[in-house]
Amino acid sequence: MITDTLAERGIKGIPIDKASKHVAEKGTGKAAEMSESPQTDKWEKPQPIPDGLLPVHSLPKSLLPEALSDWLDDIAERLQVPLEFPATASIVGLASVIGNSVCIRPKRHDDWTVTPNLWGAIIGRPGSMKSPAITEALKPLYRLVKQAEAEHEKACADWRFTKEKAEVTKSALREKMKAAAKKKLPLEEFRSEISAEDPKEPHERRYIVNDSTVEKFGELLNQNPNGLLIFRDELVGWLRALDDEQRAKDRAFFLEAWNGNGSYIYDRIGRGTLKINCVTTSIFGGIQPSKLEVYLRGALDYGDDDDGLMQRFQLLVYPDMPKDWENVDRWPETAAKNRAYALYKALSEIQASSIGAESNDEGHLFLRFSDDAQDFFNEWFIELNRDLRSGQFEHPAIEAHFAKYKSLMPSLALIFHLSGLATGRDSSRVDLKSAEMAAGWCGFLMSHAKRIYALGMTGAAMHAKTLAKHIQAGDLKTRFTARDVYWRGWAGLSSAKAVERPIEILESLKWIQAIELKTGGRPTTEYLINPNVIEVKL
């Protein structure tokens with residue numbers, strides 16, 4: 001089977017013992033009220049807290065394109081981060097450069113066409129060096145940006161001269177026309193020259209967009225029909241912005257933009273009609289686990305956020321951080337960095353004649369698999385679809401996520417194949433090696449997707465463990481309230497809502513016991529700490 005269920009990994013629901021609450025009258029001295037320091041033998045043995053993180057596969061260097069592997073490995077070693085951080089950013093960067101210039105038809109005869117634009121993110125705690133890793137991995141792309149800026153500046157200087165020349169020429173023609181008119185001579189001879197279009201202002205080739213309205217983004221897509229990369233250092237902010245009811249149409253736009261090969265029409269009073277011919281969009285950024293956990297709950301609870309937006313982020317990784325750390329202070333591997341840049345440059349200028357691509361009726365270019373790669377893809381595709389229909393997945397959202405691997409695998413295979421062509425490999429068909437690398441990535445990404453979605457379903461267990469550590473450290477009195485927890489602002493425990501489930505988990509595991517105090521008004525709940533918790537190993 002392609003994947004295991006979450007239950008097989010040991011993530012199960014944690015029962016909540018609601019019957020453990022006791023009622024006491026504040027200040028009455030009744031026997032139901034427990035003392036500040038309860039006797040040890042009065043308590044049940046506290047249970048260990050299950051770990052909320054599933055195990056994940058690490059990314060082997062063998063799954064990286066040859067032109068990138070040494071460079072990405074060098075980044076990971078210098079920054080002391082998992083290889084997954086720079087590698088995922090780089091693959092999405094390559095996808096954005098290729099855009100819709102070349103697509104793939106994964107079946108031997110069918111016209112099903114996949115555009116290799118990708119959405120992804122790396123997940124890590126604050127201070128895990130996510131941002132520096134992404135910055136390093138996207139440097140070849142930013143180098144293309146700088147070159148495009150320089151070319152645009154020169155083109156604008158040429159355009160200003162050409163525009164001025166055209167205006168002077170038309171002014172002189174008008175004077176000639178006036179003179180001819182005074183002499184009552186025919187003016188038709190001036191028609192073609194006076195009707196000539198003014199030179200159009202050049203558009204800068206863009207590769208990256210950080211923040212824009214959807215309407216402006218549409219204009220940029222029309223100016224850059226190959227596609228664009230939306231990069232946000234903190235991606236949850238972008239996702240949260242789309243949750244706003246006033247931006248429902250923006251959310252709908254991006255849901256459609258994921259396919260990469262459709263068009264979109266905006267009709268707005270004041271702005272008129274904006275037709276976006278091709279909405280090819282790649283997206284990448286970083287996410288903190290605590291913020292993603294909150295966001296995932298909406299996608300997993302069948303609410304308004306459960307519309308498939310999160311499932312479109314196929315290159316999601318949440319790797320384990322290296323246990324050891326060393327101070328690496330050396331120059332980047334220049335030769336490896338230059339090879340990476342040469343690959344980005346080559347893919348940004350890819351020509352149909354150089355790769356032997358076919359074209360459809362609209363002139364869009366595509367490749368197919370070689371015979372052996374086609375057989376490999378067919379086997380992989382059949383197995384994935386059988387798994388999807390077997391009902392083995394814990395949640396429909398996870399099933400929907402893996403269903404989108406149908407296009408992910410051929411997209412990655414095309415990217416890896418084109419990366420090989422750019423460095424000298426000769427083939428007009430996506431080869432077996434590229435298909436096997438893509439399947440390897442899918443298996444690797446599946447393990448990370450399980451960890452990430454489990455975070456949304458069982459992340460409270462992680463925060464319960466955080467609270468337990470503070471309890472063992474003596475950061476709370478033996479009698480405390482929920483407010484005593486969240487006002488301290490501990491990670492994942494910084495609001496009244498956030499502490500509810502972790503407290504319930506600790507109560508069910510006999511770490512604490514709830515007392516409901518009736519004060520004549522609204523009851524207050526306090527929690528007593530089991531004095532035996534110090535014996536539990538976390």
# chains A, B, ... in the order shown; residues from 1 in each chain; ligands from 1
>>> residues_around(residues="segment 103-106 of chain A", least_positions_apart="5", cutoff="10 Å", atoms="only C-alpha atoms", output="PyMOL selection string")
chain A and resi 98+111-117+260-261+357-359+364-369+373-374+377-378+381+406-407+409-411+413-415+429-430
>>> select_by_dssp(residues="segment 285-497 of chain A", states="helix (DSSP H, G or I)", output="PyMOL selection string")
chain A and resi 289-300+310-312+334-348+352-355+371-389+396-403+405-422+432-472+482-486+496-497
>>> closest_residue(among="A:Ala95, A:Ile208, A:Ile287, A:Ala464", to="Leu506 of chain A", atoms="only C-alpha atoms")
A:Ala464
>>> atom_distance(atom1="atom CA of Asn360 of chain A", atom2="atom CA of Val279 of chain A")
18.4 Å
>>> residues_around(residues="segment 236-250 of chain A", least_positions_apart="5", cutoff="8 Å", atoms="only C-alpha atoms", output="compact mmCIF listing (two decimals) with C-alpha atoms, in the first residue's frame")
# COMPACT_ATOMS: atom_id res chain seq x y z
CA VAL A 214 -6.03 39.88 -7.06
CA ILE A 287 4.57 28.40 8.50
CA LYS A 291 -0.36 28.77 13.63
CA LEU A 292 -0.84 25.98 11.12
CA TYR A 295 -5.70 26.92 10.62
CA ASP A 305 -12.30 26.53 5.32
>>> select_by_dssp(residues="segment 289-390 of chain A", states="strand (DSSP E or B)", output="list of chain:residue names")
A:Leu315, A:Leu316, A:Val317, A:Glu358, A:Ser359, A:Leu365, A:Phe366, A:Leu367, A:Arg368, A:Phe369
>>> residues_around(residues="His57 of chain A", least_positions_apart="5", cutoff="12 Å", atoms="only C-alpha atoms", output="ChimeraX atom specification")
/A:82-84,317-320,440-451
>>> residues_around(residues="Ser69 of chain A", least_positions_apart="5", cutoff="12 Å", atoms="only C-alpha atoms", output="number ranges by chain")
A: 59-64, 74-76, 83-84, 86-88, 90-91, 137, 333, 336-337, 339-340, 343, 416, 419
>>> write_last_selection(atoms="C-alpha atoms", output="PDB file, in the first residue's frame")
ATOM      1  CA  LEU A  59      14.729  13.556   2.006  1.00  0.00           C
ATOM      2  CA  PRO A  60      17.598  11.606   0.422  1.00  0.00           C
ATOM      3  CA  LYS A  61      19.994  13.581  -1.737  1.00  0.00           C
ATOM      4  CA  SER A  62      19.380  11.080  -4.543  1.00  0.00           C
ATOM      5  CA  LEU A  63      15.902  12.561  -5.096  1.00  0.00           C
ATOM      6  CA  LEU A  64      17.348  15.950  -6.072  1.00  0.00           C
ATOM      7  CA  ASP A  74      25.738  22.952   0.977  1.00  0.00           C
ATOM      8  CA  ILE A  75      22.933  25.323   2.044  1.00  0.00           C
ATOM      9  CA  ALA A  76      21.543  22.801   4.530  1.00  0.00           C
ATOM     10  CA  LEU A  83      17.736  19.378   3.585  1.00  0.00           C
ATOM     11  CA  GLU A  84      13.958  19.544   3.110  1.00  0.00           C
ATOM     12  CA  PRO A  86      16.015  24.529   0.861  1.00  0.00           C
ATOM     13  CA  ALA A  87      15.092  21.595  -1.411  1.00  0.00           C
ATOM     14  CA  THR A  88      11.340  22.178  -1.289  1.00  0.00           C
ATOM     15  CA  SER A  90      14.014  25.272  -4.820  1.00  0.00           C
ATOM     16  CA  ILE A  91      11.667  22.770  -6.498  1.00  0.00           C
ATOM     17  CA  ALA A 137      17.207  28.459  -2.104  1.00  0.00           C
ATOM     18  CA  GLU A 333      30.178  26.417  -2.837  1.00  0.00           C
ATOM     19  CA  ALA A 336      27.521  24.438  -7.159  1.00  0.00           C
ATOM     20  CA  LYS A 337      25.691  27.769  -6.840  1.00  0.00           C
ATOM     21  CA  ARG A 339      25.289  25.349 -11.691  1.00  0.00           C
ATOM     22  CA  ALA A 340      21.990  25.997  -9.927  1.00  0.00           C
ATOM     23  CA  LEU A 343      19.645  25.628 -14.526  1.00  0.00           C
ATOM     24  CA  PHE A 416      13.159  16.694 -13.031  1.00  0.00           C
ATOM     25  CA  SER A 419      16.313  19.867 -15.237  1.00  0.00           C
TER      26      SER A 419
END
